[in-house]
file protein-v3.txt (compact mmCIF, N, CA and C atoms)
# COMPACT_ATOMS: atom_id res chain seq x y z
N MET A 17 65.19 23.30 125.72
CA MET A 17 64.35 23.38 124.54
C MET A 17 64.05 24.84 124.25
N GLN A 18 64.11 25.19 122.98
CA GLN A 18 63.82 26.56 122.60
C GLN A 18 62.34 26.86 122.80
N PRO A 19 61.98 28.13 123.05
CA PRO A 19 60.58 28.45 123.31
C PRO A 19 59.69 28.32 122.09
N THR A 20 60.24 28.51 120.89
CA THR A 20 59.45 28.35 119.67
C THR A 20 60.28 27.63 118.62
N ALA A 21 59.57 27.02 117.68
CA ALA A 21 60.21 26.40 116.52
C ALA A 21 59.67 27.12 115.29
N THR A 22 60.54 27.31 114.31
CA THR A 22 60.14 27.99 113.09
C THR A 22 59.94 26.97 111.98
N VAL A 23 58.74 26.98 111.41
CA VAL A 23 58.37 26.04 110.36
C VAL A 23 58.15 26.82 109.06
N LEU A 24 58.93 26.50 108.05
CA LEU A 24 58.76 27.10 106.73
C LEU A 24 57.72 26.30 105.97
N VAL A 25 56.76 26.98 105.37
CA VAL A 25 55.70 26.33 104.59
C VAL A 25 55.77 26.87 103.17
N TYR A 26 56.04 25.97 102.22
CA TYR A 26 56.12 26.35 100.80
C TYR A 26 54.95 25.77 100.04
N SER A 27 54.16 26.64 99.43
CA SER A 27 53.10 26.26 98.50
C SER A 27 52.70 27.51 97.74
N ASP A 28 52.41 27.35 96.46
CA ASP A 28 51.90 28.49 95.69
C ASP A 28 50.43 28.73 96.01
N ASP A 29 49.79 27.81 96.71
CA ASP A 29 48.37 27.87 97.03
C ASP A 29 48.19 28.34 98.48
N SER A 30 47.60 29.51 98.65
CA SER A 30 47.41 30.04 100.01
C SER A 30 46.49 29.15 100.84
N ASN A 31 45.57 28.43 100.20
CA ASN A 31 44.68 27.52 100.93
C ASN A 31 45.47 26.35 101.53
N THR A 32 46.45 25.85 100.79
CA THR A 32 47.29 24.77 101.31
C THR A 32 48.11 25.26 102.48
N ARG A 33 48.67 26.46 102.36
CA ARG A 33 49.44 27.02 103.49
C ARG A 33 48.55 27.18 104.71
N GLU A 34 47.32 27.60 104.50
CA GLU A 34 46.38 27.74 105.61
C GLU A 34 46.04 26.38 106.24
N GLN A 35 45.84 25.35 105.41
CA GLN A 35 45.58 24.00 105.93
C GLN A 35 46.71 23.54 106.85
N VAL A 36 47.95 23.83 106.44
CA VAL A 36 49.12 23.45 107.24
C VAL A 36 49.10 24.17 108.58
N ARG A 37 48.88 25.47 108.56
CA ARG A 37 48.85 26.26 109.80
C ARG A 37 47.75 25.75 110.74
N LEU A 38 46.57 25.52 110.19
CA LEU A 38 45.46 25.07 111.02
C LEU A 38 45.68 23.66 111.56
N ALA A 39 46.27 22.77 110.75
CA ALA A 39 46.51 21.40 111.19
C ALA A 39 47.55 21.34 112.30
N ALA A 40 48.56 22.18 112.21
CA ALA A 40 49.61 22.19 113.24
C ALA A 40 49.16 22.90 114.50
N GLY A 41 48.35 23.92 114.34
CA GLY A 41 47.97 24.74 115.48
C GLY A 41 49.18 25.47 116.04
N ARG A 42 49.11 25.91 117.26
CA ARG A 42 50.25 26.60 117.89
C ARG A 42 51.30 25.61 118.38
N ARG A 43 50.87 24.39 118.71
CA ARG A 43 51.80 23.37 119.19
C ARG A 43 51.26 22.01 118.73
N PRO A 44 51.98 21.34 117.81
CA PRO A 44 51.45 20.08 117.27
C PRO A 44 51.43 18.92 118.26
N ALA A 45 52.18 19.01 119.35
CA ALA A 45 52.18 17.98 120.40
C ALA A 45 52.65 18.64 121.70
N PRO A 46 52.23 18.11 122.85
CA PRO A 46 52.60 18.73 124.12
C PRO A 46 54.09 18.79 124.41
N ASP A 47 54.87 17.87 123.84
CA ASP A 47 56.29 17.81 124.16
C ASP A 47 57.19 18.53 123.15
N VAL A 48 56.61 19.30 122.26
CA VAL A 48 57.41 20.08 121.30
C VAL A 48 57.14 21.56 121.51
N PRO A 49 58.03 22.42 121.02
CA PRO A 49 57.84 23.85 121.24
C PRO A 49 56.64 24.41 120.46
N LEU A 50 56.24 25.59 120.85
CA LEU A 50 55.27 26.34 120.06
C LEU A 50 55.87 26.57 118.69
N VAL A 51 55.02 26.66 117.66
CA VAL A 51 55.53 26.87 116.31
C VAL A 51 55.13 28.24 115.77
N GLU A 52 56.05 28.79 115.02
CA GLU A 52 55.81 30.00 114.24
C GLU A 52 56.01 29.62 112.79
N PHE A 53 55.26 30.23 111.90
CA PHE A 53 55.32 29.86 110.49
C PHE A 53 55.94 30.97 109.65
N VAL A 54 56.74 30.55 108.69
CA VAL A 54 57.24 31.44 107.65
C VAL A 54 56.67 30.87 106.36
N GLU A 55 55.88 31.67 105.66
CA GLU A 55 55.23 31.19 104.45
C GLU A 55 55.98 31.66 103.21
N CYS A 56 56.13 30.75 102.25
CA CYS A 56 56.79 31.04 100.99
C CYS A 56 55.91 30.55 99.85
N ALA A 57 55.78 31.36 98.81
CA ALA A 57 54.98 30.98 97.65
C ALA A 57 55.84 30.66 96.43
N THR A 58 57.16 30.87 96.52
CA THR A 58 58.05 30.60 95.40
C THR A 58 59.30 29.85 95.89
N PRO A 59 59.92 29.09 94.99
CA PRO A 59 61.17 28.40 95.37
C PRO A 59 62.27 29.38 95.77
N ASP A 60 62.35 30.53 95.10
CA ASP A 60 63.36 31.53 95.45
C ASP A 60 63.18 32.03 96.88
N ALA A 61 61.92 32.21 97.29
CA ALA A 61 61.65 32.65 98.66
C ALA A 61 62.10 31.59 99.67
N VAL A 62 61.92 30.32 99.33
CA VAL A 62 62.37 29.24 100.21
C VAL A 62 63.88 29.33 100.40
N LEU A 63 64.61 29.48 99.31
CA LEU A 63 66.07 29.56 99.40
C LEU A 63 66.52 30.77 100.20
N ARG A 64 65.85 31.91 100.02
CA ARG A 64 66.20 33.11 100.79
C ARG A 64 66.00 32.88 102.28
N GLU A 65 64.88 32.29 102.65
CA GLU A 65 64.59 32.05 104.07
C GLU A 65 65.58 31.05 104.67
N LEU A 66 65.92 30.01 103.92
CA LEU A 66 66.89 29.04 104.43
C LEU A 66 68.27 29.66 104.57
N ASP A 67 68.62 30.57 103.67
CA ASP A 67 69.90 31.27 103.76
C ASP A 67 69.98 32.13 105.02
N LYS A 68 68.83 32.68 105.45
CA LYS A 68 68.80 33.49 106.67
C LYS A 68 69.07 32.64 107.91
N GLY A 69 68.69 31.36 107.85
CA GLY A 69 68.85 30.47 108.99
C GLY A 69 67.65 30.53 109.93
N GLY A 70 67.68 29.67 110.93
CA GLY A 70 66.64 29.68 111.95
C GLY A 70 65.41 28.85 111.63
N ILE A 71 65.42 28.13 110.52
CA ILE A 71 64.28 27.27 110.17
C ILE A 71 64.50 25.90 110.80
N ASP A 72 63.50 25.40 111.52
CA ASP A 72 63.61 24.11 112.18
C ASP A 72 63.07 22.95 111.35
N VAL A 73 62.01 23.19 110.60
CA VAL A 73 61.41 22.18 109.74
C VAL A 73 60.84 22.88 108.51
N CYS A 74 60.95 22.23 107.35
CA CYS A 74 60.33 22.73 106.12
C CYS A 74 59.15 21.83 105.78
N VAL A 75 58.04 22.45 105.41
CA VAL A 75 56.88 21.73 104.89
C VAL A 75 56.74 22.18 103.44
N LEU A 76 56.88 21.23 102.51
CA LEU A 76 56.90 21.57 101.09
C LEU A 76 55.75 20.89 100.37
N ASP A 77 55.02 21.65 99.57
CA ASP A 77 53.89 21.15 98.80
C ASP A 77 54.39 20.51 97.51
N GLY A 78 54.24 19.21 97.41
CA GLY A 78 54.67 18.48 96.22
C GLY A 78 53.89 18.86 94.97
N GLU A 79 52.74 19.50 95.15
CA GLU A 79 51.90 19.88 94.01
C GLU A 79 52.08 21.35 93.63
N ALA A 80 53.02 22.04 94.24
CA ALA A 80 53.21 23.48 93.97
C ALA A 80 53.66 23.70 92.53
N VAL A 81 53.36 24.90 92.04
CA VAL A 81 53.71 25.32 90.68
C VAL A 81 54.50 26.61 90.80
N PRO A 82 55.55 26.86 90.09
CA PRO A 82 56.06 26.12 88.94
C PRO A 82 57.03 25.00 89.32
N MET A 83 57.49 24.96 90.55
CA MET A 83 58.40 23.91 90.98
C MET A 83 57.80 23.21 92.18
N GLY A 84 57.58 21.92 92.04
CA GLY A 84 56.97 21.17 93.12
C GLY A 84 57.89 20.99 94.31
N GLY A 85 57.30 20.68 95.43
CA GLY A 85 58.06 20.51 96.66
C GLY A 85 59.08 19.39 96.61
N MET A 86 58.85 18.39 95.76
CA MET A 86 59.82 17.30 95.65
C MET A 86 61.12 17.79 95.03
N GLY A 87 61.00 18.60 93.99
CA GLY A 87 62.19 19.18 93.37
C GLY A 87 62.89 20.16 94.30
N VAL A 88 62.10 20.97 95.00
CA VAL A 88 62.67 21.91 95.97
C VAL A 88 63.39 21.15 97.07
N CYS A 89 62.78 20.06 97.55
CA CYS A 89 63.38 19.26 98.61
C CYS A 89 64.74 18.72 98.16
N ARG A 90 64.77 18.12 96.99
CA ARG A 90 66.04 17.55 96.50
C ARG A 90 67.10 18.64 96.37
N GLN A 91 66.69 19.81 95.88
CA GLN A 91 67.63 20.91 95.71
C GLN A 91 68.18 21.38 97.06
N ILE A 92 67.32 21.60 98.04
CA ILE A 92 67.82 22.11 99.32
C ILE A 92 68.63 21.06 100.06
N LYS A 93 68.30 19.78 99.90
CA LYS A 93 69.10 18.73 100.53
C LYS A 93 70.52 18.72 99.96
N ASP A 94 70.64 19.08 98.66
CA ASP A 94 71.95 19.15 98.01
C ASP A 94 72.69 20.44 98.32
N GLU A 95 71.97 21.55 98.47
CA GLU A 95 72.61 22.86 98.48
C GLU A 95 72.66 23.56 99.83
N VAL A 96 71.83 23.18 100.77
CA VAL A 96 71.76 23.90 102.04
C VAL A 96 72.49 23.10 103.12
N PHE A 97 73.57 23.68 103.64
CA PHE A 97 74.33 23.02 104.71
C PHE A 97 73.45 22.92 105.95
N GLY A 98 73.41 21.76 106.55
CA GLY A 98 72.59 21.57 107.75
C GLY A 98 71.12 21.74 107.45
N CYS A 99 70.69 21.27 106.29
CA CYS A 99 69.30 21.42 105.86
C CYS A 99 68.35 20.88 106.94
N PRO A 100 67.34 21.67 107.29
CA PRO A 100 66.37 21.18 108.28
C PRO A 100 65.58 20.00 107.72
N PRO A 101 64.96 19.22 108.59
CA PRO A 101 64.12 18.13 108.11
C PRO A 101 62.99 18.66 107.24
N VAL A 102 62.56 17.83 106.28
CA VAL A 102 61.52 18.22 105.34
C VAL A 102 60.33 17.27 105.46
N LEU A 103 59.15 17.88 105.58
CA LEU A 103 57.88 17.16 105.54
C LEU A 103 57.24 17.50 104.21
N LEU A 104 57.03 16.49 103.38
CA LEU A 104 56.51 16.69 102.04
C LEU A 104 55.02 16.41 102.00
N LEU A 105 54.28 17.28 101.34
CA LEU A 105 52.85 17.09 101.11
C LEU A 105 52.68 16.49 99.72
N MET A 106 52.13 15.29 99.62
CA MET A 106 51.98 14.58 98.34
C MET A 106 50.52 14.56 97.91
N GLY A 107 50.33 14.56 96.60
CA GLY A 107 48.98 14.49 96.06
C GLY A 107 48.37 13.11 96.17
N ARG A 108 49.19 12.05 96.11
CA ARG A 108 48.69 10.67 96.12
C ARG A 108 49.62 9.79 96.96
N PRO A 109 49.07 8.83 97.67
CA PRO A 109 49.93 7.91 98.42
C PRO A 109 50.91 7.16 97.52
N GLN A 110 50.54 6.96 96.25
CA GLN A 110 51.41 6.24 95.32
C GLN A 110 52.69 7.03 95.01
N ASP A 111 52.74 8.29 95.39
CA ASP A 111 53.92 9.12 95.15
C ASP A 111 54.97 8.98 96.25
N ALA A 112 54.78 8.05 97.15
CA ALA A 112 55.74 7.87 98.26
C ALA A 112 57.15 7.60 97.74
N TRP A 113 57.28 6.89 96.63
CA TRP A 113 58.61 6.62 96.07
C TRP A 113 59.27 7.92 95.62
N LEU A 114 58.49 8.89 95.14
CA LEU A 114 59.05 10.18 94.76
C LEU A 114 59.51 10.96 95.99
N ALA A 115 58.79 10.82 97.08
CA ALA A 115 59.21 11.47 98.33
C ALA A 115 60.56 10.91 98.77
N THR A 116 60.75 9.60 98.60
CA THR A 116 62.04 8.98 98.91
C THR A 116 63.12 9.52 97.98
N TRP A 117 62.82 9.62 96.69
CA TRP A 117 63.77 10.17 95.72
C TRP A 117 64.19 11.59 96.10
N SER A 118 63.23 12.37 96.56
CA SER A 118 63.52 13.78 96.89
C SER A 118 64.30 13.92 98.20
N ARG A 119 64.42 12.83 98.95
CA ARG A 119 65.11 12.79 100.24
C ARG A 119 64.32 13.48 101.36
N ALA A 120 62.99 13.52 101.22
CA ALA A 120 62.15 14.06 102.28
C ALA A 120 62.28 13.17 103.52
N ASP A 121 62.19 13.79 104.68
CA ASP A 121 62.30 13.06 105.94
C ASP A 121 60.98 12.42 106.35
N ALA A 122 59.88 12.97 105.84
CA ALA A 122 58.54 12.43 106.11
C ALA A 122 57.61 12.94 105.02
N ALA A 123 56.49 12.26 104.85
CA ALA A 123 55.52 12.67 103.84
C ALA A 123 54.11 12.34 104.30
N VAL A 124 53.19 13.21 103.95
CA VAL A 124 51.76 12.99 104.20
C VAL A 124 51.01 13.39 102.93
N THR A 125 49.79 12.90 102.80
CA THR A 125 49.02 13.20 101.59
C THR A 125 48.12 14.41 101.78
N LEU A 126 47.80 15.01 100.65
CA LEU A 126 46.84 16.10 100.60
C LEU A 126 45.47 15.50 100.32
N PRO A 127 44.37 16.12 100.76
CA PRO A 127 44.35 17.28 101.64
C PRO A 127 44.93 16.92 103.01
N VAL A 128 45.37 17.94 103.70
CA VAL A 128 46.05 17.75 104.98
C VAL A 128 45.08 17.18 106.01
N ASP A 129 45.45 16.02 106.56
CA ASP A 129 44.71 15.44 107.68
C ASP A 129 45.36 15.97 108.96
N PRO A 130 44.61 16.71 109.79
CA PRO A 130 45.22 17.36 110.96
C PRO A 130 45.96 16.41 111.91
N VAL A 131 45.42 15.24 112.17
CA VAL A 131 46.05 14.32 113.11
C VAL A 131 47.34 13.76 112.51
N GLU A 132 47.28 13.30 111.27
CA GLU A 132 48.46 12.74 110.61
C GLU A 132 49.54 13.81 110.45
N PHE A 133 49.13 15.01 110.04
CA PHE A 133 50.11 16.08 109.82
C PHE A 133 50.78 16.49 111.13
N ALA A 134 49.97 16.74 112.17
CA ALA A 134 50.54 17.17 113.45
C ALA A 134 51.49 16.12 114.01
N SER A 135 51.16 14.85 113.85
CA SER A 135 52.03 13.78 114.32
C SER A 135 53.36 13.77 113.56
N ALA A 136 53.31 13.91 112.25
CA ALA A 136 54.53 13.91 111.43
C ALA A 136 55.39 15.13 111.75
N LEU A 137 54.76 16.29 111.89
CA LEU A 137 55.50 17.51 112.21
C LEU A 137 56.15 17.41 113.59
N ALA A 138 55.40 16.93 114.56
CA ALA A 138 55.95 16.79 115.92
C ALA A 138 57.14 15.84 115.92
N SER A 139 57.05 14.76 115.17
CA SER A 139 58.16 13.81 115.09
C SER A 139 59.42 14.47 114.54
N LEU A 140 59.28 15.29 113.51
CA LEU A 140 60.44 15.99 112.94
C LEU A 140 60.98 17.05 113.90
N LEU A 141 60.10 17.71 114.63
CA LEU A 141 60.55 18.70 115.62
C LEU A 141 61.32 18.01 116.74
N ARG A 142 60.85 16.85 117.18
CA ARG A 142 61.57 16.10 118.21
C ARG A 142 62.95 15.68 117.71
N ARG A 143 62.99 15.20 116.50
CA ARG A 143 64.25 14.77 115.90
C ARG A 143 65.22 15.93 115.77
N ARG A 144 64.71 17.07 115.36
CA ARG A 144 65.55 18.26 115.22
C ARG A 144 66.13 18.66 116.57
N ARG A 145 65.28 18.58 117.60
CA ARG A 145 65.72 18.94 118.95
C ARG A 145 66.82 18.00 119.43
N LEU A 146 66.67 16.69 119.17
CA LEU A 146 67.68 15.71 119.59
C LEU A 146 68.98 15.89 118.81
N VAL A 147 68.91 16.19 117.54
CA VAL A 147 70.11 16.39 116.73
C VAL A 147 70.83 17.66 117.17
N GLY A 148 70.05 18.71 117.48
CA GLY A 148 70.64 19.99 117.87
C GLY A 148 71.17 20.00 119.29
N ALA A 149 70.81 19.01 120.11
CA ALA A 149 71.22 18.99 121.52
C ALA A 149 72.68 18.64 121.69

call {"tool": "encode", "arguments": {"input": "protein-v3.txt", "output": "structure tokens"}}
result
Amino acid sequence: MQPTATVLVYSDDSNTREQVRLAAGRRPAPDVPLVEFVECATPDAVLRELDKGGIDVCVLDGEAVPMGGMGVCRQIKDEVFGCPPVLLLMGRPQDAWLATWSRADAAVTLPVDPVEFASALASLLRRRRLVGA
């Protein structure tokens, strides 16, 4: 297992990015690696970071402006070879069908619930580790 996992967080709202960092903490579960965060406030920044490589999981804000995380998710699933798993932050539970449309691997609602978020993130990190093994 690698010593750290890199989690990309996309939101135009710095408060949302902070909620994600605080909810995950340094390690979202005992059996997953420590996490480091790469923060992006624009879709272009997300694409640049994914092009660099080394991202283990993406957390995308479905409520971001000017392009929501659902649209970004669908785009990167189409365009990025070996796209990392995506955890989508949704404004309403009723938007779960849109998360499916976007091809997100998991989704949680805003505001970020620390227990639900850490559990979803840890699950994606475990899956990434098993796929990469």

call {"tool": "select_by_dssp", "arguments": {"input": "protein-v3.txt", "residues": "chain A", "states": "alpha helix (DSSP H)", "output": "PyMOL selection string"}}
result
chain A and resi 30-40+59-68+85-95+112-118+130-148

call {"tool": "select_by_dssp", "arguments": {"input": "protein-v3.txt", "residues": "stretch 37-71 of chain A", "states": "strand (DSSP E or B)", "output": "PDB file with N, CA and C atoms, in the frame of the given file"}}
result
ATOM      1  N   LEU A  50      56.240  25.590 120.850  1.00  0.00           N
ATOM      2  CA  LEU A  50      55.270  26.340 120.060  1.00  0.00           C
ATOM      3  C   LEU A  50      55.870  26.570 118.690  1.00  0.00           C
ATOM      4  N   VAL A  51      55.020  26.660 117.660  1.00  0.00           N
ATOM      5  CA  VAL A  51      55.530  26.870 116.310  1.00  0.00           C
ATOM      6  C   VAL A  51      55.130  28.240 115.770  1.00  0.00           C
ATOM      7  N   GLU A  52      56.050  28.790 115.020  1.00  0.00           N
ATOM      8  CA  GLU A  52      55.810  30.000 114.240  1.00  0.00           C
ATOM      9  C   GLU A  52      56.010  29.620 112.790  1.00  0.00           C
ATOM     10  N   PHE A  53      55.260  30.230 111.900  1.00  0.00           N
ATOM     11  CA  PHE A  53      55.320  29.860 110.490  1.00  0.00           C
ATOM     12  C   PHE A  53      55.940  30.970 109.650  1.00  0.00           C
ATOM     13  N   VAL A  54      56.740  30.550 108.690  1.00  0.00           N
ATOM     14  CA  VAL A  54      57.240  31.440 107.650  1.00  0.00           C
ATOM     15  C   VAL A  54      56.670  30.870 106.360  1.00  0.00           C
ATOM     16  N   GLU A  55      55.880  31.670 105.660  1.00  0.00           N
ATOM     17  CA  GLU A  55      55.230  31.190 104.450  1.00  0.00           C
ATOM     18  C   GLU A  55      55.980  31.660 103.210  1.00  0.00           C
ATOM     19  N   CYS A  56      56.130  30.750 102.250  1.00  0.00           N
ATOM     20  CA  CYS A  56      56.790  31.040 100.990  1.00  0.00           C
ATOM     21  C   CYS A  56      55.910  30.550  99.850  1.00  0.00           C
TER      22      CYS A  56
END

call {"tool": "axis_aligned_box", "arguments": {"input": "protein-v3.txt", "around": "stretch 110-129 of chain A", "padding_each_side": "6 Å", "output": "lines of an AutoDock Vina configuration file"}}
result
center_x = 54.7
center_y = 12.1
center_z = 101.9
size_x = 32.8
size_y = 23.7
size_z = 26.2

call {"tool": "atom_distance", "arguments": {"input": "protein-v3.txt", "atom1": "atom CA of A:Val25", "atom2": "atom CA of A:Ala57"}}
result
8.4 Å

call {"tool": "residues_around", "arguments": {"input": "protein-v3.txt", "residues": "A:Val75", "least_positions_apart": "6", "cutoff": "7 Å", "atoms": "all atoms listed in the file", "output": "list in words"}}
result
Val23, Leu24, Val25, Tyr26, Ser27, Pro101, Val102, Leu103, Leu104 and Leu105 of chain A

call {"tool": "closest_atom_pairs", "arguments": {"input": "protein-v3.txt", "of": "stretch 39-114 of chain A", "to": "stretch 122-141 of chain A", "cutoff": "7 Å", "atoms": "only N, CA and C atoms", "output": "tab-separated table"}}
result
residue	atom	partner	partner_atom	distance
A:Ala39	CA	A:Pro130	CA	4.2
A:Ala40	CA	A:Ala134	CA	5.1
A:Pro44	CA	A:Ala134	CA	4.9
A:Ala45	N	A:Ala138	CA	5.6
A:Val48	CA	A:Leu141	C	6.4
A:Pro49	N	A:Leu141	C	7.0
A:Asp72	C	A:Leu141	CA	6.5
A:Val73	CA	A:Leu140	C	6.6
A:Pro101	CA	A:Leu140	CA	6.4
A:Val102	C	A:Ala122	N	4.3
A:Leu103	CA	A:Ala122	C	4.3
A:Leu104	N	A:Ala122	C	4.0
A:Leu105	CA	A:Val124	C	4.5
A:Met106	C	A:Leu126	N	3.9
A:Gly107	CA	A:Leu126	N	4.8
A:Arg108	N	A:Leu126	N	5.6
A:Pro109	N	A:Thr125	CA	5.9

call {"tool": "write_last_selection", "arguments": {"input": "protein-v3.txt", "atoms": "N, CA and C atoms", "output": "tab-separated table (two decimals), keeping the file's coordinate frame"}}
result
chain	number	residue	atom	x	y	z
A	39	ALA	N	46.27	22.77	110.75
A	39	ALA	CA	46.51	21.40	111.19
A	39	ALA	C	47.55	21.34	112.30
A	40	ALA	N	48.56	22.18	112.21
A	40	ALA	CA	49.61	22.19	113.24
A	40	ALA	C	49.16	22.90	114.50
A	44	PRO	N	51.98	21.34	117.81
A	44	PRO	CA	51.45	20.08	117.27
A	44	PRO	C	51.43	18.92	118.26
A	45	ALA	N	52.18	19.01	119.35
A	45	ALA	CA	52.18	17.98	120.40
A	45	ALA	C	52.65	18.64	121.70
A	48	VAL	N	56.61	19.30	122.26
A	48	VAL	CA	57.41	20.08	121.30
A	48	VAL	C	57.14	21.56	121.51
A	49	PRO	N	58.03	22.42	121.02
A	49	PRO	CA	57.84	23.85	121.24
A	49	PRO	C	56.64	24.41	120.46
A	72	ASP	N	63.50	25.40	111.52
A	72	ASP	CA	63.61	24.11	112.18
A	72	ASP	C	63.07	22.95	111.35
A	73	VAL	N	62.01	23.19	110.60
A	73	VAL	CA	61.41	22.18	109.74
A	73	VAL	C	60.84	22.88	108.51
A	101	PRO	N	64.96	19.22	108.59
A	101	PRO	CA	64.12	18.13	108.11
A	101	PRO	C	62.99	18.66	107.24
A	102	VAL	N	62.56	17.83	106.28
A	102	VAL	CA	61.52	18.22	105.34
A	102	VAL	C	60.33	17.27	105.46
A	103	LEU	N	59.15	17.88	105.58
A	103	LEU	CA	57.88	17.16	105.54
A	103	LEU	C	57.24	17.50	104.21
A	104	LEU	N	57.03	16.49	103.38
A	104	LEU	CA	56.51	16.69	102.04
A	104	LEU	C	55.02	16.41	102.00
A	105	LEU	N	54.28	17.28	101.34
A	105	LEU	CA	52.85	17.09	101.11
A	105	LEU	C	52.68	16.49	99.72
A	106	MET	N	52.13	15.29	99.62
A	106	MET	CA	51.98	14.58	98.34
A	106	MET	C	50.52	14.56	97.91
A	107	GLY	N	50.33	14.56	96.60
A	107	GLY	CA	48.98	14.49	96.06
A	107	GLY	C	48.37	13.11	96.17
A	108	ARG	N	49.19	12.05	96.11
A	108	ARG	CA	48.69	10.67	96.12
A	108	ARG	C	49.62	9.79	96.96
A	109	PRO	N	49.07	8.83	97.67
A	109	PRO	CA	49.93	7.91	98.42
A	109	PRO	C	50.91	7.16	97.52

call {"tool": "atom_distance", "arguments": {"input": "protein-v3.txt", "atom1": "atom N of A:Ala80", "atom2": "atom CA of A:Glu52"}}
result
21.7 Å

call {"tool": "decode", "arguments": {"input": "protein-v3.txt", "residues": "stretch 68-84 of chain A", "atoms": "N, CA and C atoms", "output": "short mmCIF file (atom, residue, chain, number, x, y, z; two decimals), in the first residue's frame"}}
result
data_model
loop_
_atom_site.label_atom_id
_atom_site.label_comp_id
_atom_site.auth_asym_id
_atom_site.auth_seq_id
_atom_site.Cartn_x
_atom_site.Cartn_y
_atom_site.Cartn_z
N LYS A 68 -1.48 15.48 -15.13
CA LYS A 68 -0.21 15.25 -14.45
C LYS A 68 -0.12 13.82 -13.91
N GLY A 69 -1.27 13.25 -13.57
CA GLY A 69 -1.30 11.90 -12.99
C GLY A 69 -1.15 11.93 -11.48
N GLY A 70 -1.28 10.77 -10.88
CA GLY A 70 -1.07 10.64 -9.44
C GLY A 70 -2.28 10.90 -8.58
N ILE A 71 -3.44 11.13 -9.19
CA ILE A 71 -4.67 11.36 -8.42
C ILE A 71 -5.33 10.00 -8.16
N ASP A 72 -5.66 9.73 -6.91
CA ASP A 72 -6.27 8.46 -6.55
C ASP A 72 -7.79 8.50 -6.53
N VAL A 73 -8.35 9.63 -6.10
CA VAL A 73 -9.81 9.81 -6.06
C VAL A 73 -10.10 11.28 -6.34
N CYS A 74 -11.19 11.54 -7.07
CA CYS A 74 -11.66 12.91 -7.29
C CYS A 74 -12.93 13.12 -6.48
N VAL A 75 -13.01 14.27 -5.82
CA VAL A 75 -14.23 14.69 -5.13
C VAL A 75 -14.70 15.93 -5.88
N LEU A 76 -15.88 15.85 -6.48
CA LEU A 76 -16.38 16.93 -7.33
C LEU A 76 -17.67 17.50 -6.78
N ASP A 77 -17.74 18.82 -6.68
CA ASP A 77 -18.91 19.52 -6.18
C ASP A 77 -19.94 19.68 -7.29
N GLY A 78 -21.06 19.00 -7.16
CA GLY A 78 -22.12 19.08 -8.15
C GLY A 78 -22.74 20.45 -8.26
N GLU A 79 -22.53 21.30 -7.25
CA GLU A 79 -23.11 22.64 -7.24
C GLU A 79 -22.11 23.71 -7.68
N ALA A 80 -20.94 23.31 -8.14
CA ALA A 80 -19.90 24.28 -8.52
C ALA A 80 -20.35 25.10 -9.73
N VAL A 81 -19.78 26.30 -9.83
CA VAL A 81 -20.06 27.23 -10.92
C VAL A 81 -18.73 27.59 -11.56
N PRO A 82 -18.57 27.69 -12.84
CA PRO A 82 -19.60 27.69 -13.88
C PRO A 82 -19.95 26.29 -14.40
N MET A 83 -19.17 25.29 -14.06
CA MET A 83 -19.46 23.93 -14.50
C MET A 83 -19.56 23.04 -13.28
N GLY A 84 -20.71 22.42 -13.11
CA GLY A 84 -20.92 21.58 -11.96
C GLY A 84 -20.12 20.29 -12.01
#
